[in-house]
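Colleague: What follows is start.txt, made up of compact mmCIF, C-alpha atoms:
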# COMPACT_ATOMS: atom_id res chain seq x y z
CA MET A 441 1.57 -93.28 10.27
CA TYR A 442 3.41 -93.15 13.60
CA ILE A 443 0.87 -94.72 15.91
CA ALA A 444 3.51 -95.99 18.32
CA ALA A 445 5.08 -92.56 18.85
CA ASN A 446 5.45 -91.29 22.39
CA ARG A 447 2.83 -88.97 23.83
CA THR A 448 3.10 -86.17 26.29
CA ALA A 449 1.33 -86.31 29.63
CA ASP A 450 -1.86 -84.74 28.30
CA GLY A 451 -2.16 -87.26 25.48
CA VAL A 452 -1.26 -84.86 22.65
CA ARG A 453 1.67 -86.02 20.60
CA PRO A 454 4.73 -83.77 20.42
CA ARG A 455 4.67 -81.51 17.40
CA SER A 456 6.71 -82.78 14.50
CA ARG A 457 9.34 -80.57 12.96
CA PHE A 458 7.46 -81.06 9.68
CA SER A 459 4.51 -78.66 9.37
CA TRP A 460 2.53 -81.17 7.34
CA ALA A 461 2.90 -84.07 9.78
CA VAL A 462 -0.31 -85.47 11.24
CA PRO A 463 -0.57 -87.60 14.41
CA GLY A 464 -0.96 -91.30 13.71
CA ASN A 465 -4.21 -91.50 15.66
CA VAL A 466 -5.75 -88.88 13.36
CA LEU A 467 -4.65 -90.90 10.34
CA ALA A 468 -6.07 -94.09 11.86
CA LEU A 469 -9.40 -92.37 12.53
CA GLY A 470 -9.29 -91.02 8.99
CA ALA A 471 -8.84 -94.54 7.64
CA VAL A 472 -11.84 -95.74 9.65
CA SER A 473 -13.94 -92.85 8.37
CA LEU A 474 -12.77 -93.45 4.80
CA VAL A 475 -13.93 -97.06 4.79
CA THR A 476 -17.12 -96.28 6.73
CA ASP A 477 -18.00 -93.50 4.31
CA ILE A 478 -17.66 -95.86 1.36
CA SER A 479 -20.29 -97.98 3.06
CA SER A 480 -22.63 -95.18 4.11
CA GLU A 481 -22.37 -93.21 0.86
CA MET A 482 -23.24 -96.30 -1.15
CA VAL A 483 -26.62 -96.17 0.58
CA THR A 484 -26.95 -92.39 0.70
CA ALA A 485 -26.28 -92.11 -3.04
CA VAL A 486 -29.22 -94.34 -3.97
CA LEU A 487 -31.64 -93.64 -1.12
CA PRO A 488 -33.39 -90.51 -2.53
CA LEU A 489 -34.37 -92.21 -5.78
CA TYR A 490 -35.04 -95.50 -4.02
CA VAL A 491 -37.72 -93.94 -1.81
CA THR A 492 -39.15 -91.46 -4.34
CA LEU A 493 -39.16 -93.65 -7.46
CA SER A 494 -39.15 -97.26 -6.26
CA LEU A 495 -41.33 -96.71 -3.17
CA GLY A 496 -43.27 -93.73 -4.57
CA LEU A 497 -42.97 -91.40 -1.56
CA SER A 498 -43.90 -87.74 -2.01
CA MET A 499 -41.43 -84.91 -1.42
CA LEU A 500 -43.14 -84.13 1.88
CA GLN A 501 -42.77 -87.75 2.99
CA PHE A 502 -39.16 -87.78 1.86
CA GLY A 503 -38.60 -84.52 3.73
CA ALA A 504 -39.94 -86.18 6.88
CA LEU A 505 -37.58 -89.14 6.38
CA ASP A 506 -34.68 -86.79 5.72
CA GLY A 507 -35.61 -84.83 8.83
CA LEU A 508 -35.63 -88.09 10.78
CA TYR A 509 -32.15 -88.69 9.38
CA PHE A 510 -30.96 -85.55 11.19
CA GLY A 511 -33.38 -85.57 14.12
CA VAL A 512 -32.45 -88.94 15.60
CA THR A 513 -28.79 -87.97 15.36
CA ALA A 514 -29.56 -84.81 17.32
CA LEU A 515 -31.23 -86.76 20.12
CA VAL A 516 -28.40 -89.27 20.46
CA ARG A 517 -25.25 -87.18 20.01
CA LEU A 518 -25.37 -85.60 23.44
CA ALA A 519 -25.96 -88.98 25.09
CA GLY A 520 -23.01 -90.46 23.19
CA GLY A 521 -20.78 -87.56 24.17
CA GLN A 522 -21.85 -87.74 27.80
CA LEU A 523 -21.19 -91.50 28.00
CA ALA A 524 -17.78 -91.12 26.37
CA ASP A 525 -16.77 -88.39 28.82
CA ARG A 526 -18.19 -90.17 31.88
CA TRP A 527 -16.41 -93.43 31.09
CA GLN A 528 -13.41 -91.75 29.39
CA ARG A 529 -13.78 -94.47 26.74
CA ARG A 530 -14.33 -92.58 23.53
CA LYS A 531 -13.17 -95.42 21.29
CA LEU A 532 -15.69 -97.83 22.83
CA VAL A 533 -18.65 -95.47 22.36
CA ALA A 534 -17.57 -94.64 18.81
CA GLY A 535 -17.20 -98.35 18.05
CA ALA A 536 -20.74 -99.04 19.28
CA GLY A 537 -21.99 -96.37 16.90
CA TYR A 538 -20.07 -97.77 13.95
CA GLY A 539 -21.33 -101.28 14.71
CA LEU A 540 -24.99 -100.24 14.94
CA SER A 541 -24.81 -98.38 11.63
CA ALA A 542 -23.23 -101.43 9.99
CA LEU A 543 -26.09 -103.68 11.10
CA CYS A 544 -28.62 -101.22 9.69
CA LYS A 545 -27.37 -101.90 6.17
CA LEU A 546 -28.89 -105.37 6.54
CA GLY A 547 -31.96 -103.79 8.13
CA LEU A 548 -32.67 -102.02 4.84
CA LEU A 549 -33.14 -105.45 3.27
CA ALA A 550 -35.67 -106.45 5.91
CA ALA A 551 -37.56 -103.14 5.65
CA GLY A 552 -38.72 -103.93 2.13
CA GLY A 553 -41.15 -101.33 0.79
CA SER A 554 -42.63 -100.29 4.13
CA PRO A 555 -42.09 -96.56 4.84
CA ALA A 556 -42.55 -97.19 8.57
CA ALA A 557 -39.94 -99.95 8.64
CA LEU A 558 -37.62 -97.85 6.50
CA GLY A 559 -38.01 -94.99 8.96
CA GLY A 560 -37.12 -97.33 11.82
CA VAL A 561 -33.96 -98.51 10.09
CA ILE A 562 -32.93 -94.94 9.29
CA ALA A 563 -33.55 -93.99 12.92
CA ALA A 564 -31.31 -96.84 14.11
CA ASP A 565 -28.63 -95.95 11.57
CA ARG A 566 -28.67 -92.31 12.69
CA THR A 567 -28.47 -93.49 16.31
CA GLY A 568 -25.17 -95.10 15.40
CA LYS A 569 -24.05 -91.93 13.65
CA GLY A 570 -24.99 -89.86 16.69
CA LEU A 571 -23.09 -92.15 19.06
CA ARG A 572 -19.84 -92.11 17.10
CA THR A 573 -19.44 -88.57 15.77
CA ALA A 574 -18.63 -86.60 18.93
CA PRO A 575 -16.28 -89.25 20.44
CA ARG A 576 -14.43 -89.48 17.13
CA ASP A 577 -14.05 -85.69 16.85
CA ALA A 578 -12.98 -85.50 20.49
CA LEU A 579 -10.28 -88.11 19.83
CA ILE A 580 -9.03 -86.00 16.92
CA SER A 581 -8.98 -82.83 19.03
CA LEU A 582 -7.12 -84.65 21.84
CA SER A 583 -4.59 -86.17 19.43
CA ALA A 584 -3.32 -82.95 17.82
CA PRO A 585 -1.76 -79.73 19.18
CA PRO A 586 -4.36 -76.96 19.71
CA ASP A 587 -2.80 -74.66 17.10
CA ARG A 588 -2.89 -77.46 14.49
CA LEU A 589 -6.49 -78.58 14.96
CA GLY A 590 -7.69 -77.06 11.70
CA HIS A 591 -5.05 -79.01 9.78
CA ALA A 592 -5.77 -82.23 11.70
CA PHE A 593 -9.51 -82.00 11.09
CA GLY A 594 -8.86 -81.07 7.46
CA VAL A 595 -6.75 -84.20 6.91
CA HIS A 596 -9.36 -86.37 8.62
CA ARG A 597 -12.19 -84.84 6.58
CA ALA A 598 -10.17 -85.27 3.38
CA MET A 599 -9.78 -88.99 4.09
CA ASP A 600 -13.44 -89.20 5.06
CA THR A 601 -14.38 -87.50 1.81
CA PHE A 602 -12.23 -89.83 -0.26
CA GLY A 603 -14.51 -92.56 1.05
CA ALA A 604 -17.51 -90.44 0.13
CA LEU A 605 -16.03 -90.20 -3.37
CA LEU A 606 -15.65 -93.96 -3.71
CA GLY A 607 -19.04 -94.84 -2.20
CA PRO A 608 -21.25 -93.54 -5.03
CA LEU A 609 -18.89 -95.10 -7.58
CA ALA A 610 -19.22 -98.44 -5.82
CA ALA A 611 -23.01 -98.10 -5.70
CA PHE A 612 -23.13 -97.22 -9.40
CA ALA A 613 -20.94 -100.21 -10.26
CA VAL A 614 -23.10 -102.58 -8.20
CA LEU A 615 -26.31 -101.26 -9.76
CA MET A 616 -24.90 -101.56 -13.28
CA GLY A 617 -23.61 -105.05 -12.57
CA THR A 618 -26.87 -106.32 -11.06
CA GLY A 619 -29.40 -104.63 -13.31
CA GLY A 620 -30.47 -102.05 -10.73
CA ALA A 621 -30.74 -104.33 -7.68
CA TYR A 622 -30.78 -102.02 -4.65
CA ASP A 623 -30.55 -105.03 -2.31
CA ALA A 624 -27.11 -105.84 -3.69
CA VAL A 625 -25.96 -102.31 -2.82
CA PHE A 626 -27.10 -102.79 0.78
CA VAL A 627 -25.27 -106.14 1.14
CA VAL A 628 -21.98 -104.83 -0.24
CA SER A 629 -22.32 -101.75 1.97
CA PHE A 630 -22.62 -103.98 5.05
CA CYS A 631 -19.45 -105.90 4.17
CA VAL A 632 -17.47 -102.68 3.74
CA ALA A 633 -18.76 -101.37 7.08
CA LEU A 634 -17.35 -104.45 8.82
CA LEU A 635 -13.89 -103.59 7.48
CA GLY A 636 -14.19 -100.13 9.06
CA LEU A 637 -14.94 -101.72 12.43
CA LEU A 638 -11.86 -103.92 12.10
CA LEU A 639 -9.64 -100.90 11.42
CA LEU A 640 -11.06 -99.10 14.46
CA ALA A 641 -10.37 -102.05 16.74
CA MET A 642 -6.82 -102.60 15.49
CA TYR A 643 -5.35 -99.15 14.95
CA VAL A 644 -7.21 -96.39 16.84
CA ARG A 645 -5.86 -95.54 20.31
CA ASP A 646 -8.17 -94.23 23.00
CA HIS A 647 -7.34 -91.21 25.18
CA ARG A 648 -7.84 -92.13 28.82
CA GLU A 649 -4.87 -90.36 30.39
CA PRO A 650 -5.39 -88.53 33.71
CA LEU A 651 -6.45 -84.96 33.04
CA PRO A 652 -4.29 -82.07 34.25
CA GLY A 653 -5.43 -80.30 37.39
CA GLY A 654 -6.42 -83.37 39.37
CA PRO A 655 -9.60 -85.46 39.37
CA ARG A 656 -12.84 -84.05 38.00
CA ALA A 657 -16.47 -84.59 38.83
CA PRO A 658 -18.07 -87.27 36.64
CA ALA A 659 -19.42 -85.98 33.34
CA SER A 660 -23.18 -85.61 33.23
CA VAL A 661 -25.85 -84.11 30.99
CA ARG A 662 -26.15 -81.25 33.48
CA ALA A 663 -22.41 -80.62 33.24
CA ALA A 664 -22.63 -80.65 29.45
CA PHE A 665 -25.41 -78.07 29.39
CA GLY A 666 -23.42 -76.09 31.95
CA LEU A 667 -20.94 -75.42 29.15
CA LEU A 668 -23.53 -73.07 27.66
CA ARG A 669 -22.84 -70.66 30.53
CA ASP A 670 -19.65 -69.83 28.70
CA ALA A 671 -20.79 -66.97 26.44
CA PRO A 672 -18.46 -67.58 23.44
CA PHE A 673 -19.38 -71.26 23.25
CA ARG A 674 -23.09 -70.48 23.64
CA ARG A 675 -22.96 -67.93 20.84
CA LEU A 676 -21.14 -70.39 18.60
CA CYS A 677 -23.87 -72.99 19.21
CA VAL A 678 -26.59 -70.46 18.36
CA ALA A 679 -24.81 -69.33 15.19
CA ALA A 680 -24.22 -72.90 13.99
CA ALA A 681 -27.87 -73.84 14.60
CA ALA A 682 -29.16 -70.72 12.82
CA LEU A 683 -27.01 -71.46 9.78
CA GLY A 684 -28.13 -75.10 9.81
CA LEU A 685 -31.78 -74.06 9.80
CA VAL A 686 -31.38 -72.38 6.40
CA THR A 687 -29.20 -75.09 4.82
CA VAL A 688 -30.82 -77.38 2.26
CA SER A 689 -30.19 -81.10 2.70
CA ASP A 690 -27.76 -82.68 0.25
CA ALA A 691 -30.44 -85.10 -0.93
CA PHE A 692 -32.72 -82.24 -1.97
CA VAL A 693 -29.84 -80.47 -3.74
CA TYR A 694 -29.18 -83.59 -5.79
CA LEU A 695 -32.88 -84.09 -6.53
CA LEU A 696 -33.08 -80.49 -7.76
CA LEU A 697 -30.03 -81.07 -9.96
CA GLN A 698 -31.47 -84.32 -11.31
CA LYS A 699 -34.85 -82.83 -12.15
CA GLY A 700 -33.50 -79.52 -13.47
CA GLY A 701 -30.83 -81.15 -15.60
CA ARG A 702 -33.07 -84.03 -16.67
CA ILE A 703 -30.40 -86.49 -15.59
CA ASP A 704 -31.16 -90.16 -16.15
CA PRO A 705 -32.02 -91.76 -12.77
CA ALA A 706 -29.41 -94.44 -13.43
CA TYR A 707 -26.70 -91.78 -13.08
CA PHE A 708 -28.16 -90.17 -9.95
CA PRO A 709 -25.70 -91.98 -7.61
CA LEU A 710 -22.85 -90.17 -9.39
CA LEU A 711 -24.01 -86.67 -8.44
CA PRO A 712 -22.38 -86.72 -4.98
CA LEU A 713 -19.03 -87.40 -6.68
CA GLY A 714 -18.64 -83.75 -7.67
CA THR A 715 -19.25 -82.58 -4.13
CA ALA A 716 -16.93 -85.22 -2.70
CA ALA A 717 -14.14 -84.47 -5.19
CA ALA A 718 -14.19 -80.75 -4.41
CA TYR A 719 -14.34 -81.48 -0.68
CA LEU A 720 -11.41 -83.89 -0.98
CA LEU A 721 -9.24 -81.36 -2.79
CA LEU A 722 -10.12 -78.42 -0.55
CA ALA A 723 -10.44 -79.92 2.95
CA VAL A 724 -6.75 -79.80 3.90
CA PRO A 725 -6.09 -76.33 2.38
CA ALA A 726 -9.22 -75.01 4.10
CA GLY A 727 -8.03 -76.40 7.43
CA ARG A 728 -4.60 -74.84 7.03
CA PHE A 729 -6.11 -71.49 6.00
CA ALA A 730 -8.35 -71.66 9.04
CA ASP A 731 -5.36 -72.17 11.35
CA ARG A 732 -3.49 -69.26 9.78
CA LEU A 733 -6.20 -66.73 8.88
CA GLY A 734 -8.86 -67.49 11.48
CA ARG A 735 -11.33 -70.33 11.75
CA LEU A 736 -14.56 -68.35 11.98
CA PRO A 737 -13.90 -66.28 8.81
CA VAL A 738 -13.20 -69.49 6.87
CA PHE A 739 -16.31 -71.11 8.36
CA LEU A 740 -18.50 -68.20 7.22
CA ALA A 741 -16.81 -68.06 3.81
CA GLY A 742 -17.87 -71.67 3.34
CA HIS A 743 -21.49 -70.68 3.84
CA LEU A 744 -21.09 -67.93 1.25
CA ALA A 745 -19.94 -70.62 -1.17
CA LEU A 746 -23.17 -72.48 -0.41
CA VAL A 747 -25.23 -69.34 -1.14
CA ALA A 748 -23.42 -69.10 -4.47
CA ALA A 749 -24.24 -72.76 -5.20
CA TYR A 750 -27.93 -72.09 -4.57
CA LEU A 751 -27.90 -69.04 -6.86
CA VAL A 752 -26.23 -70.97 -9.68
CA LEU A 753 -28.74 -73.79 -9.22
CA LEU A 754 -31.59 -71.28 -9.42
CA GLY A 755 -30.05 -69.57 -12.46
CA PRO A 756 -28.07 -71.28 -15.20
CA GLY A 757 -27.90 -74.54 -13.28
CA TRP A 758 -24.34 -75.37 -14.30
CA LEU A 759 -23.85 -78.80 -12.79
CA PRO A 760 -20.05 -78.73 -12.27
CA VAL A 761 -20.13 -75.26 -10.70
CA VAL A 762 -22.89 -76.20 -8.26
CA LEU A 763 -21.07 -79.35 -7.16
CA VAL A 764 -17.70 -77.61 -6.73
CA LEU A 765 -19.27 -74.84 -4.63
CA HIS A 766 -21.16 -77.46 -2.63
CA GLY A 767 -17.92 -79.30 -1.90
CA ALA A 768 -16.16 -76.04 -1.00
CA PHE A 769 -18.90 -75.39 1.56
CA TYR A 770 -18.20 -78.66 3.34
CA ALA A 771 -14.42 -78.24 3.15
CA ALA A 772 -14.62 -74.84 4.87
CA THR A 773 -17.22 -75.72 7.51
CA ASP A 774 -17.32 -79.35 8.62
CA GLY A 775 -13.99 -79.88 10.37
CA VAL A 776 -13.37 -76.15 10.80
CA LEU A 777 -16.34 -75.75 13.15
CA MET A 778 -15.00 -78.54 15.37
CA ALA A 779 -11.60 -76.83 15.36
CA VAL A 780 -13.28 -73.58 16.48
CA ALA A 781 -15.10 -75.28 19.34
CA GLY A 782 -12.44 -77.73 20.56
CA PRO A 783 -10.15 -75.23 22.33
CA MET A 784 -13.15 -73.66 24.11
CA LEU A 785 -13.91 -76.86 25.99
CA PRO A 786 -12.22 -78.43 29.05
CA GLY A 787 -10.68 -81.81 28.28
CA HIS A 788 -12.96 -83.86 30.54
CA LEU A 789 -16.05 -82.45 28.78
CA ARG A 790 -14.61 -82.15 25.28
CA THR A 791 -16.81 -84.88 23.80
CA SER A 792 -19.98 -83.62 25.50
CA GLY A 793 -19.33 -80.06 24.34
CA LEU A 794 -18.78 -81.06 20.73
CA ALA A 795 -21.88 -83.26 20.92
CA LEU A 796 -23.91 -80.33 22.25
CA LEU A 797 -22.80 -78.18 19.32
CA GLN A 798 -23.56 -80.96 16.83
CA THR A 799 -26.95 -81.59 18.45
CA GLY A 800 -27.99 -78.01 17.82
CA GLN A 801 -26.89 -78.27 14.21
CA ALA A 802 -28.62 -81.59 13.63
CA THR A 803 -31.87 -80.38 15.21
CA ALA A 804 -31.84 -77.33 12.96
CA ARG A 805 -31.19 -79.49 9.89
CA MET A 806 -34.10 -81.73 10.87
CA PHE A 807 -36.54 -78.80 10.82
CA SER A 808 -34.91 -77.52 7.64
CA SER A 809 -35.56 -80.79 5.78
CA VAL A 810 -39.19 -81.05 6.88
CA LEU A 811 -39.90 -77.41 6.01
CA PHE A 812 -38.15 -77.63 2.65
CA GLY A 813 -40.08 -80.78 1.76
CA ALA A 814 -43.34 -79.02 2.64
CA VAL A 815 -42.45 -75.92 0.60
CA TRP A 816 -41.45 -78.09 -2.37
CA THR A 817 -44.78 -79.93 -2.17
CA VAL A 818 -46.84 -76.71 -2.06
CA TRP A 819 -44.86 -74.20 -4.15
CA GLY A 820 -42.05 -76.12 -5.83
CA GLY A 821 -38.38 -76.80 -5.24
CA ALA A 822 -37.08 -73.60 -6.87
CA GLN A 823 -39.20 -71.40 -4.61
CA GLY A 824 -38.02 -73.29 -1.55
CA LEU A 825 -34.39 -72.93 -2.62
CA ALA A 826 -34.81 -69.18 -3.14
CA ILE A 827 -36.20 -68.81 0.39
CA MET A 828 -33.31 -70.79 1.84
CA ALA A 829 -30.73 -68.78 -0.12
CA ALA A 830 -32.17 -65.51 1.21
CA GLY A 831 -32.27 -66.81 4.78
CA LEU A 832 -28.72 -68.16 4.60
CA THR A 833 -27.43 -64.83 3.29
CA VAL A 834 -29.03 -62.96 6.18
CA CYS A 835 -27.59 -65.39 8.74
CA VAL A 836 -24.06 -65.22 7.29
CA LEU A 837 -24.11 -61.41 7.29
CA ALA A 838 -25.39 -61.35 10.87
CA ALA A 839 -22.71 -63.81 12.00
CA TRP A 840 -19.97 -61.85 10.24
CA SER A 841 -21.15 -58.66 11.95
CA ALA A 842 -20.94 -60.51 15.27
CA VAL A 843 -17.38 -61.63 14.47
CA ARG A 844 -16.34 -58.08 13.55
CA ALA A 845 -17.87 -56.76 16.77
CA GLY A 846 -16.09 -59.39 18.86
CA VAL A 847 -19.37 -60.95 19.99
CA LEU A 848 -18.71 -64.21 18.12
CA ARG A 849 -15.14 -65.42 18.47
CA SER A 850 -12.88 -68.42 18.72
CA GLY A 851 -11.65 -69.57 22.11
CA THR A 852 -8.28 -70.43 23.56
CA ALA A 853 -7.49 -73.86 24.87
CA PRO A 854 -8.21 -74.27 28.59
CA GLY A 855 -5.13 -74.13 30.75
CA PRO A 856 -3.89 -76.90 33.01
CA ALA A 857 -6.44 -76.05 35.65
CA ALA A 858 -9.35 -75.56 33.34
CA PRO A 859 -12.49 -74.76 35.32
CA GLY A 860 -15.34 -77.17 35.56
CA PRO A 861 -18.74 -76.78 33.94
CA GLY A 862 -20.48 -73.55 34.61
CA GLU A 863 -17.43 -71.78 36.05
CA SER A 864 -16.22 -68.51 34.60
CA ARG A 865 -13.55 -68.89 31.96
CA GLU A 866 -11.95 -66.18 29.89
CA THR A 867 -12.00 -66.94 26.19
CA GLY A 868 -10.86 -65.02 23.21
CA GLU A 869 -8.92 -64.97 20.01
CA ARG A 870 -5.52 -66.58 20.04
CA SER A 871 -2.59 -64.46 18.96
CA GLY A 872 -2.67 -64.04 15.22
CA ARG A 873 -6.27 -65.28 14.83
Would you give me this structure, written as structure tokens?
Modeller:
Amino acid sequence: MYIAANRTADGVRPRSRFSWAVPGNVLALGAVSLVTDISSEMVTAVLPLYVTLSLGLSMLQFGALDGLYFGVTALVRLAGGQLADRWQRRKLVAGAGYGLSALCKLGLLAAGGSPAALGGVIAADRTGKGLRTAPRDALISLSAPPDRLGHAFGVHRAMDTFGALLGPLAAFAVLMGTGGAYDAVFVVSFCVALLGLLLLAMYVRDHREPLPGGPRAPASVRAAFGLLRDAPFRRLCVAAAALGLVTVSDAFVYLLLQKGGRIDPAYFPLLPLGTAAAYLLLAVPAGRFADRLGRLPVFLAGHLALVAAYLVLLGPGWLPVVLVLHGAFYAATDGVLMAVAGPMLPGHLRTSGLALLQTGQATARMFSSVLFGAVWTVWGGAQGLAIMAAGLTVCVLAAWSAVRAGVLRSGTAPGPAAPGPGESRETGERSGR
């Protein structure tokens, strides 16, 4: 980690002569995400069974809670991005989000068995998630050279996913050691989250350097939405939201696996391990492939892997195959989408633009969870999964046709005098993309 290395005037570190080198700030952010994901995945791994078995909620009620999980994030992400850009203090806003989510681990203890209180705690936790995600991704995009963003995001997501791999293991160990005490999981999760906050405060550097081209107008919500006047970015937002609308929540995928495979509930927290392991192994290669072969093709290929996972789950139900394909989906889409969008956005609105993209995705996932829970309640989980698989296939084919026609494309990084929000800006494929 070379956190003390010199930076150029625009805040991006000089490229190392080693192709695999990653800026120290990206590694520091990865370490924060690794520890934070241990904490959050400890809770996420046990939450579906906790609310459906221990609290007795129906699939429709769980779908509403899962939709709240995404919906609150959608409402807050744009506000977090706008504040980070207005103040040019991305680390501070991200830290507030990490801190709020940490406190919510204790809130789960106070919620007890009340669905309303549980919903309030989940809403607060997702508020923290919404505040931190866009500032963190903006810091990554500002810390790496534009033509290495896929690799940088891949490394960060790999570290993040290593935490996601350890979280369910930690939850399983705590449950086994305490005779199934969910409260103990929540307490340990809180302590781990505090360590993530400490790493953020000590090792992550903010990017507050003066932007090229002179002073800019203060960032605002209006300026953020003005980014949608740029046709390539607008089309990317629409495509990401459409794909999110036909994506089944992870929690429902694991519940389908548990019920279809008749897996003992005690081992349910281990199901995310397969996804996390595949994601961990594939995140960096996927990022490098995206930089070399094109980010949008890799992004869409990831969704095809998800379609394949749904089909296997509907058919033979091979557990390892489903989890590997599920992890491949995340490796090829999560950080890659941010790498597609980052170069499209002017530096002073980078966080707001990424937040706008993520808001569309999260809103779509909210509706997806509620609708899937309703379909499961009325017709069954398999029927709901078949509908989602068909819809996702149609959306991927439509998006690929748009890529081939040049309607949907990656953008180039704004030049030194990048125009402000709403101004015309030529975008297009970079050489070799």
Colleague: Determine the nearest neighbour of Leu540 of chain A from the options A:Asp690, A:Asp565, A:Asp600, A:Asp525, counting only C-alpha atoms.
Modeller: A:Asp565
Colleague: Excluding Trp758 of chain A and any residue of its chain fewer than 6 positions from it, enumerate the residues within 10 Å of it, using all atoms listed in the file, and give them as a list of chain:residue names.
Modeller: A:Leu697, A:Gly701, A:Ala749, A:Val752
Colleague: Env of Leu797 of chain A: 7 Å cut, atoms = all atoms listed in the file, seq-sep filter 4 positions within chain, self excluded. Answer as a count of residues only.
Modeller: 3
Colleague: Have a look at A:Val686, A:Cys631, A:Leu571, A:Leu637 and name the one nearest to Leu825 of chain A; count all atoms listed in the file.
Modeller: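 Ranked by minimum distance to Leu825 of chain A, first place goes to A:Val686.
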Colleague: Please measure the separation of atom CA of Gly535 of chain A and atom CA of Phe612 of chain A, giving the value in Å to one decimal.
Modeller: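 Distance between the two atoms: 28.1 Å.
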Colleague: Rounded to one decimal, what separation in Å do you get between atom CA of Cys835 of chain A and atom CA of Leu721 of chain A?
Modeller: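 A separation of 26.9 Å between them.
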Colleague: Which of these residues is nearest to Ser581 of chain A, using only C-alpha atoms: A:Gly603, A:Gly537, A:Pro463, A:Gly617?
Modeller: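 Looking only at the distances to Ser581 of chain A, the closest residue turns out to be A:Pro463.
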Colleague: Pick out the residues sitting within 10 Å of Leu639 of chain A, and hand them over as a list in words; count all atoms listed in the file, and ignore anything fewer than 6 positions along from it in its own chain.
Modeller: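 So the residues in contact are Ala468, Leu469, Ala471, Val472, Ser473, Val475 and Thr476 of chain A.
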Colleague: Between A:Gly620, A:Ala564, A:Ala542, A:Ala680, which one has atoms that come closest to Tyr490 of chain A, using all atoms listed in the file?
Modeller: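 That would be A:Gly620, the residue with the smallest distance to Tyr490 of chain A.
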Colleague: From the list A:Gly757, A:Gly464, A:Gly821, A:Gly520, which residue is nearest Arg576 of chain A when using only C-alpha atoms?
Modeller: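 Ranked by minimum distance to Arg576 of chain A, first place goes to A:Gly520.
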Colleague: Atom CA of Ala536 of chain A and atom CA of Gly636 of chain A are how many Å apart?
Modeller: 12.2 Å
Colleague: Could you write segment 472-485 of chain A as a PDB file, in the frame of the given file, with N, CA and C atoms rebuilt where they are missing?
Modeller:
ATOM      1  N   VAL A 472     -10.549 -95.185   9.247  1.00  0.00           N
ATOM      2  CA  VAL A 472     -11.840 -95.740   9.650  1.00  0.00           C
ATOM      3  C   VAL A 472     -12.976 -94.982   8.964  1.00  0.00           C
ATOM      4  N   SER A 473     -12.895 -93.656   8.988  1.00  0.00           N
ATOM      5  CA  SER A 473     -13.940 -92.850   8.370  1.00  0.00           C
ATOM      6  C   SER A 473     -13.984 -93.045   6.862  1.00  0.00           C
ATOM      7  N   LEU A 474     -12.815 -93.215   6.243  1.00  0.00           N
ATOM      8  CA  LEU A 474     -12.770 -93.450   4.800  1.00  0.00           C
ATOM      9  C   LEU A 474     -13.557 -94.698   4.425  1.00  0.00           C
ATOM     10  N   VAL A 475     -13.255 -95.796   5.103  1.00  0.00           N
ATOM     11  CA  VAL A 475     -13.930 -97.060   4.790  1.00  0.00           C
ATOM     12  C   VAL A 475     -15.411 -96.980   5.150  1.00  0.00           C
ATOM     13  N   THR A 476     -15.722 -96.384   6.311  1.00  0.00           N
ATOM     14  CA  THR A 476     -17.120 -96.280   6.730  1.00  0.00           C
ATOM     15  C   THR A 476     -17.914 -95.415   5.765  1.00  0.00           C
ATOM     16  N   ASP A 477     -17.285 -94.368   5.238  1.00  0.00           N
ATOM     17  CA  ASP A 477     -18.000 -93.500   4.310  1.00  0.00           C
ATOM     18  C   ASP A 477     -18.241 -94.180   2.966  1.00  0.00           C
ATOM     19  N   ILE A 478     -17.358 -95.070   2.555  1.00  0.00           N
ATOM     20  CA  ILE A 478     -17.660 -95.860   1.360  1.00  0.00           C
ATOM     21  C   ILE A 478     -18.971 -96.600   1.567  1.00  0.00           C
ATOM     22  N   SER A 479     -19.088 -97.225   2.738  1.00  0.00           N
ATOM     23  CA  SER A 479     -20.290 -97.980   3.060  1.00  0.00           C
ATOM     24  C   SER A 479     -21.529 -97.091   3.124  1.00  0.00           C
ATOM     25  N   SER A 480     -21.444 -96.011   3.906  1.00  0.00           N
ATOM     26  CA  SER A 480     -22.630 -95.180   4.110  1.00  0.00           C
ATOM     27  C   SER A 480     -23.027 -94.429   2.853  1.00  0.00           C
ATOM     28  N   GLU A 481     -22.038 -93.964   2.071  1.00  0.00           N
ATOM     29  CA  GLU A 481     -22.370 -93.210   0.860  1.00  0.00           C
ATOM     30  C   GLU A 481     -22.897 -94.106  -0.247  1.00  0.00           C
ATOM     31  N   MET A 482     -22.604 -95.391  -0.201  1.00  0.00           N
ATOM     32  CA  MET A 482     -23.240 -96.300  -1.150  1.00  0.00           C
ATOM     33  C   MET A 482     -24.753 -96.267  -0.968  1.00  0.00           C
ATOM     34  N   VAL A 483     -25.186 -96.228   0.291  1.00  0.00           N
ATOM     35  CA  VAL A 483     -26.620 -96.170   0.580  1.00  0.00           C
ATOM     36  C   VAL A 483     -27.174 -94.780   0.341  1.00  0.00           C
ATOM     37  N   THR A 484     -26.469 -93.763   0.837  1.00  0.00           N
ATOM     38  CA  THR A 484     -26.950 -92.390   0.700  1.00  0.00           C
ATOM     39  C   THR A 484     -27.120 -92.000  -0.761  1.00  0.00           C
ATOM     40  N   ALA A 485     -26.237 -92.482  -1.627  1.00  0.00           N
ATOM     41  CA  ALA A 485     -26.280 -92.110  -3.040  1.00  0.00           C
ATOM     42  C   ALA A 485     -27.531 -92.627  -3.739  1.00  0.00           C
TER      43      ALA A 485
END
